[in-house]
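Structure file target09.cif with mmCIF, C-alpha atoms:
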```
data_upload
#
loop_
_atom_site.label_atom_id
_atom_site.label_comp_id
_atom_site.auth_asym_id
_atom_site.auth_seq_id
_atom_site.Cartn_x
_atom_site.Cartn_y
_atom_site.Cartn_z
CA MET V 1 -24.99 -0.34 -27.76
CA GLU V 2 -26.38 -3.51 -26.25
CA GLY V 3 -24.69 -4.58 -23.00
CA PHE V 4 -23.88 -1.04 -21.88
CA ASN V 5 -26.20 0.97 -19.69
CA ASN V 6 -25.38 4.48 -18.41
CA HIS V 7 -27.38 5.88 -15.49
CA SER V 8 -27.00 9.16 -13.65
CA GLY V 9 -27.61 9.58 -9.95
CA LEU V 10 -28.21 12.92 -8.29
CA VAL V 11 -25.90 15.57 -9.67
CA GLU V 12 -23.10 16.55 -7.31
CA THR V 13 -20.25 18.95 -7.84
CA GLN V 14 -17.98 15.92 -8.03
CA GLU V 15 -19.97 12.90 -9.15
CA LEU V 16 -18.19 9.57 -9.22
CA HIS V 17 -18.47 7.39 -12.30
CA VAL V 18 -18.41 3.69 -11.48
CA LEU V 19 -18.06 0.85 -13.98
CA ALA V 20 -19.89 -2.17 -12.50
CA VAL V 21 -19.15 -5.59 -14.00
CA ASP V 22 -21.20 -8.70 -13.18
CA ASP V 23 -22.62 -11.54 -15.28
CA SER V 24 -25.62 -11.92 -12.94
CA LEU V 25 -28.52 -9.63 -13.87
CA VAL V 26 -29.79 -9.62 -10.27
CA ASP V 27 -26.37 -8.70 -8.85
CA ARG V 28 -25.91 -5.98 -11.52
CA LYS V 29 -29.27 -4.47 -10.58
CA VAL V 30 -28.43 -4.56 -6.84
CA ILE V 31 -25.03 -2.88 -7.23
CA GLU V 32 -26.46 -0.38 -9.74
CA ARG V 33 -29.24 0.56 -7.31
CA LEU V 34 -26.83 0.94 -4.37
CA LEU V 35 -24.52 3.13 -6.43
CA LYS V 36 -27.39 5.30 -7.66
CA ILE V 37 -28.65 5.73 -4.08
CA SER V 38 -25.12 6.93 -3.27
CA SER V 39 -25.36 9.51 -6.09
CA CYS V 40 -22.88 7.85 -8.41
CA LYS V 41 -23.02 7.77 -12.18
CA VAL V 42 -23.12 4.07 -13.11
CA THR V 43 -22.23 2.14 -16.22
CA VAL V 44 -23.07 -1.56 -15.98
CA VAL V 45 -21.67 -4.28 -18.21
CA ASP V 46 -22.24 -8.03 -18.15
CA SER V 47 -18.71 -9.39 -18.67
CA GLY V 48 -15.02 -8.70 -18.36
CA ARG V 49 -14.77 -8.57 -22.15
CA ARG V 50 -17.45 -5.84 -22.30
CA ALA V 51 -15.63 -3.93 -19.55
CA LEU V 52 -12.43 -4.03 -21.60
CA GLN V 53 -14.39 -2.83 -24.65
CA TYR V 54 -15.82 0.06 -22.66
CA LEU V 55 -12.37 0.97 -21.34
CA GLY V 56 -10.81 0.68 -24.80
CA LEU V 57 -8.51 -2.20 -23.79
CA ASP V 58 -9.90 -4.98 -25.97
CA GLY V 59 -7.40 -4.42 -28.81
CA ASP V 60 -10.16 -4.34 -31.46
CA LYS V 61 -10.33 -0.73 -32.63
CA ASN V 62 -13.71 -1.29 -34.34
CA SER V 63 -15.53 -2.66 -31.28
CA SER V 64 -14.15 -0.24 -28.70
CA VAL V 65 -16.82 1.97 -27.17
CA GLY V 66 -14.34 4.08 -25.22
CA PHE V 67 -14.99 6.43 -22.35
CA ASN V 68 -17.55 8.58 -24.20
CA GLY V 69 -15.88 11.49 -22.42
CA LEU V 70 -16.59 10.05 -18.96
CA LYS V 71 -13.76 9.47 -16.53
CA VAL V 72 -14.16 6.18 -14.65
CA ASN V 73 -13.31 6.70 -10.95
CA LEU V 74 -13.91 3.13 -9.76
CA ILE V 75 -14.37 -0.33 -11.24
CA ILE V 76 -16.32 -2.85 -9.20
CA THR V 77 -16.36 -6.38 -10.61
CA ASP V 78 -17.59 -9.83 -9.74
CA TYR V 79 -14.81 -12.38 -9.28
CA TRP V 80 -16.37 -15.42 -10.91
CA MET V 81 -17.68 -14.74 -14.43
CA PRO V 82 -17.62 -16.87 -17.59
CA GLY V 83 -15.04 -16.00 -20.23
CA MET V 84 -12.92 -13.75 -18.00
CA THR V 85 -12.78 -13.67 -14.21
CA GLY V 86 -12.70 -10.47 -12.23
CA TYR V 87 -9.11 -11.36 -11.31
CA GLU V 88 -8.13 -11.50 -15.01
CA LEU V 89 -9.91 -8.17 -15.60
CA LEU V 90 -8.03 -6.67 -12.63
CA LYS V 91 -4.69 -7.83 -14.07
CA LYS V 92 -5.44 -6.30 -17.49
CA ILE V 93 -6.42 -2.99 -15.92
CA LYS V 94 -3.33 -2.88 -13.70
CA GLU V 95 -1.12 -3.69 -16.73
CA SER V 96 -2.51 -0.67 -18.61
CA SER V 97 -0.39 2.47 -18.33
CA THR V 98 -3.47 4.67 -18.78
CA LEU V 99 -5.88 2.84 -16.45
CA LYS V 100 -3.73 1.28 -13.71
CA GLU V 101 -4.51 4.11 -11.27
CA ILE V 102 -8.27 3.41 -11.35
CA PRO V 103 -9.21 1.59 -8.13
CA VAL V 104 -10.68 -1.88 -8.71
CA VAL V 105 -12.90 -3.61 -6.16
CA ILE V 106 -13.60 -7.33 -6.46
CA MET V 107 -16.90 -8.84 -5.25
CA SER V 108 -17.63 -12.51 -4.63
CA SER V 109 -20.25 -14.62 -2.92
CA GLU V 110 -17.44 -16.93 -1.77
CA ASN V 111 -15.16 -15.96 1.10
CA VAL V 112 -12.02 -17.79 -0.08
CA LEU V 113 -8.93 -16.38 1.66
CA PRO V 114 -6.32 -17.38 -0.99
CA ARG V 115 -8.51 -15.78 -3.70
CA ILE V 116 -8.92 -12.60 -1.64
CA ASN V 117 -5.17 -12.37 -0.96
CA ARG V 118 -4.31 -12.97 -4.62
CA CYS V 119 -6.63 -10.13 -5.72
CA LEU V 120 -5.28 -7.72 -3.11
CA GLU V 121 -1.67 -8.59 -4.02
CA GLU V 122 -2.47 -7.92 -7.69
CA GLY V 123 -3.68 -4.43 -6.83
CA ALA V 124 -7.38 -4.67 -5.91
CA GLU V 125 -8.41 -1.82 -3.65
CA GLU V 126 -10.77 -4.04 -1.71
CA PHE V 127 -12.51 -7.43 -1.78
CA ILE V 128 -16.19 -7.42 -0.79
CA VAL V 129 -18.12 -10.56 0.06
CA LYS V 130 -21.64 -10.46 -1.43
CA PRO V 131 -24.27 -9.41 -0.81
CA VAL V 132 -22.92 -5.89 -1.25
CA LYS V 133 -24.49 -3.50 1.23
CA LEU V 134 -25.15 0.23 1.07
CA SER V 135 -22.55 0.73 3.82
CA ASP V 136 -19.93 -0.94 1.54
CA VAL V 137 -20.76 1.42 -1.31
CA LYS V 138 -20.74 4.51 0.91
CA ARG V 139 -17.37 3.52 2.39
CA LEU V 140 -15.90 3.03 -1.09
CA LYS V 141 -17.34 6.32 -2.32
CA ASP V 142 -15.92 8.22 0.66
CA PHE V 143 -12.51 6.62 0.10
CA ILE V 144 -12.48 7.42 -3.64
CA MET V 145 -13.65 11.00 -3.04
CA ARG V 146 -10.80 11.51 -0.55
CA GLU V 147 -8.32 10.06 -3.06
CA GLU V 148 -9.64 12.34 -5.85
CA ILE V 149 -9.37 15.42 -3.63
CA GLU V 150 -5.82 14.48 -2.55
CA VAL V 151 -4.74 14.03 -6.18
CA GLU V 152 -6.29 17.37 -7.16
CA ASP V 153 -4.52 19.07 -4.24
CA ILE V 154 -1.16 17.61 -5.31
CA VAL V 155 -1.67 18.69 -8.91
CA GLN V 156 -2.63 22.20 -7.81
CA GLU V 157 0.39 22.41 -5.50
CA GLN V 158 2.74 21.28 -8.26
CA GLY V 159 1.19 23.64 -10.80
CA ASN V 160 1.23 26.73 -8.65
CA THR V 161 4.26 26.88 -6.34
CA SER V 162 3.89 30.61 -5.74
CA THR V 163 0.41 30.08 -4.26
CA THR V 164 1.78 27.26 -2.12
CA THR V 165 4.59 29.49 -0.90
CA GLN V 166 2.12 32.28 -0.16
CA GLY V 167 -0.08 29.82 1.75
CA THR V 168 2.91 28.58 3.77
CA ASN V 169 3.98 32.14 4.52
CA LYS V 170 0.44 33.05 5.57
CA ARG V 171 0.36 30.02 7.94
CA LYS V 172 3.70 31.13 9.43
CA LEU V 173 2.35 34.64 9.83
CA ASP V 174 -0.83 33.31 11.46
CA GLU V 175 1.25 31.12 13.83
CA THR V 176 3.43 34.10 14.71
CA VAL V 177 0.38 36.22 15.48
CA VAL V 178 -1.07 33.45 17.67
CA HIS V 179 2.22 33.09 19.57
CA HIS V 180 2.51 36.83 20.15
CA ASP V 181 -1.04 37.05 21.43
CA ASN V 182 -0.33 34.52 24.22
#
```
Can you present the structure in this file as structure tokens?
Amino acid sequence: MEGFNNHSGLVETQELHVLAVDDSLVDRKVIERLLKISSCKVTVVDSGRRALQYLGLDGDKNSSVGFNGLKVNLIITDYWMPGMTGYELLKKIKESSTLKEIPVVIMSSENVLPRINRCLEEGAEEFIVKPVKLSDVKRLKDFIMREEIEVEDIVQEQGNTSTTTQGTNKRKLDETVVHHDN
């Protein structure tokens, strides 16, 4: 479909899928390249409306592209776009019961403190002033990977209490052995 562009980076055991939203072709290419260098799977769209279509939040069942089986781990969006700002996109995502947990990062070429604060208060994970650098992308990827691992650990702990109890007992046993050796 026109307007959507999936790209795969290097395959990792846990590859992040990032939805990048920017009306500027140059900025889309820069963020796409940085994400691919960081071994992320990237889907780029050119507007907030297209992002909502991709996420299945546009309300029009016929135009919705949906996830295509891909979980989105991070949404990075420009603030100032025609039709729908990144702030408006952020609000719609955070209002969605199914998508509100996806971290959203806002980018802007303008360093306007009230705008930054408003986005962070609405639930943005971070606000990055353009130009986006590789260090920004790597920091975000590391943060998201840690979050994903923590969530998986919690789910595993909740799903298997006997293993958790065995692990706790083993730690107590190990601590006891260490104390007796001293």
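Distance check against Leu35 (chain V) using all atoms listed in the file: of V:Glu157, V:Asn117, V:Asp23, V:Glu15, the minimum falls on V:Glu15.
Compared by their closest atoms to Thr43 (chain V), and using all atoms listed in the file, the residues V:Met81, V:Leu120, V:Ile75, V:Leu89 rank with V:Ile75 nearest.
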- CA of Ser108 (chain V) to CA of Glu95 (chain V), distance in Å rounded to a single decimal: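 Separating CA of Ser108 (chain V) from CA of Glu95 (chain V) is a distance of 22.3 Å.
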- How many Å lie between CA of Val30 (chain V) and CA of Thr98 (chain V), rounded to one decimal? 29.2 Å
- Closest to His17 (chain V) among V:Leu90, V:Val155, V:Leu57, V:Ile102, using all atoms listed in the file? V:Ile102
- the PyMOL selection byres ((chain V and resi 92) around 12) resolved against shown file, as a ChimeraX atom specification: /V:48-49,51-53,55-59,84-91,93-100,102,104,122-124
- Task: Check what the PyMOL selection byres ((chain V and resi 130-147) around 6) selects in the file above and give those residues as a count of residues only.
- Result: 7
- Exactly which residues make up the result of the PyMOL selection byres ((chain V and resi 21) around 8) on this file, given as an NGL selection string? :V and (19-20 or 22-23 or 28 or 44-48 or 51 or 75-78)
- Go ahead and compute the interatomic distance for CA of Pro103 (chain V) and CA of Lys71 (chain V), in Å to one decimal.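 Straight-line distance from CA of Pro103 (chain V) to CA of Lys71 (chain V) works out to 12.4 Å.
Of the residues listed (V:Val18, V:Leu25, V:Val105, V:Ile116), V:Val18 shows the shortest atom-to-atom separation from Ser38 (chain V); distances use only C-alpha atoms.
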- In terms of all atoms listed in the file, the residue from V:Gln158, V:Val151, V:Arg118, V:Ile31 at minimal distance from Glu101 (chain V) is V:Val151
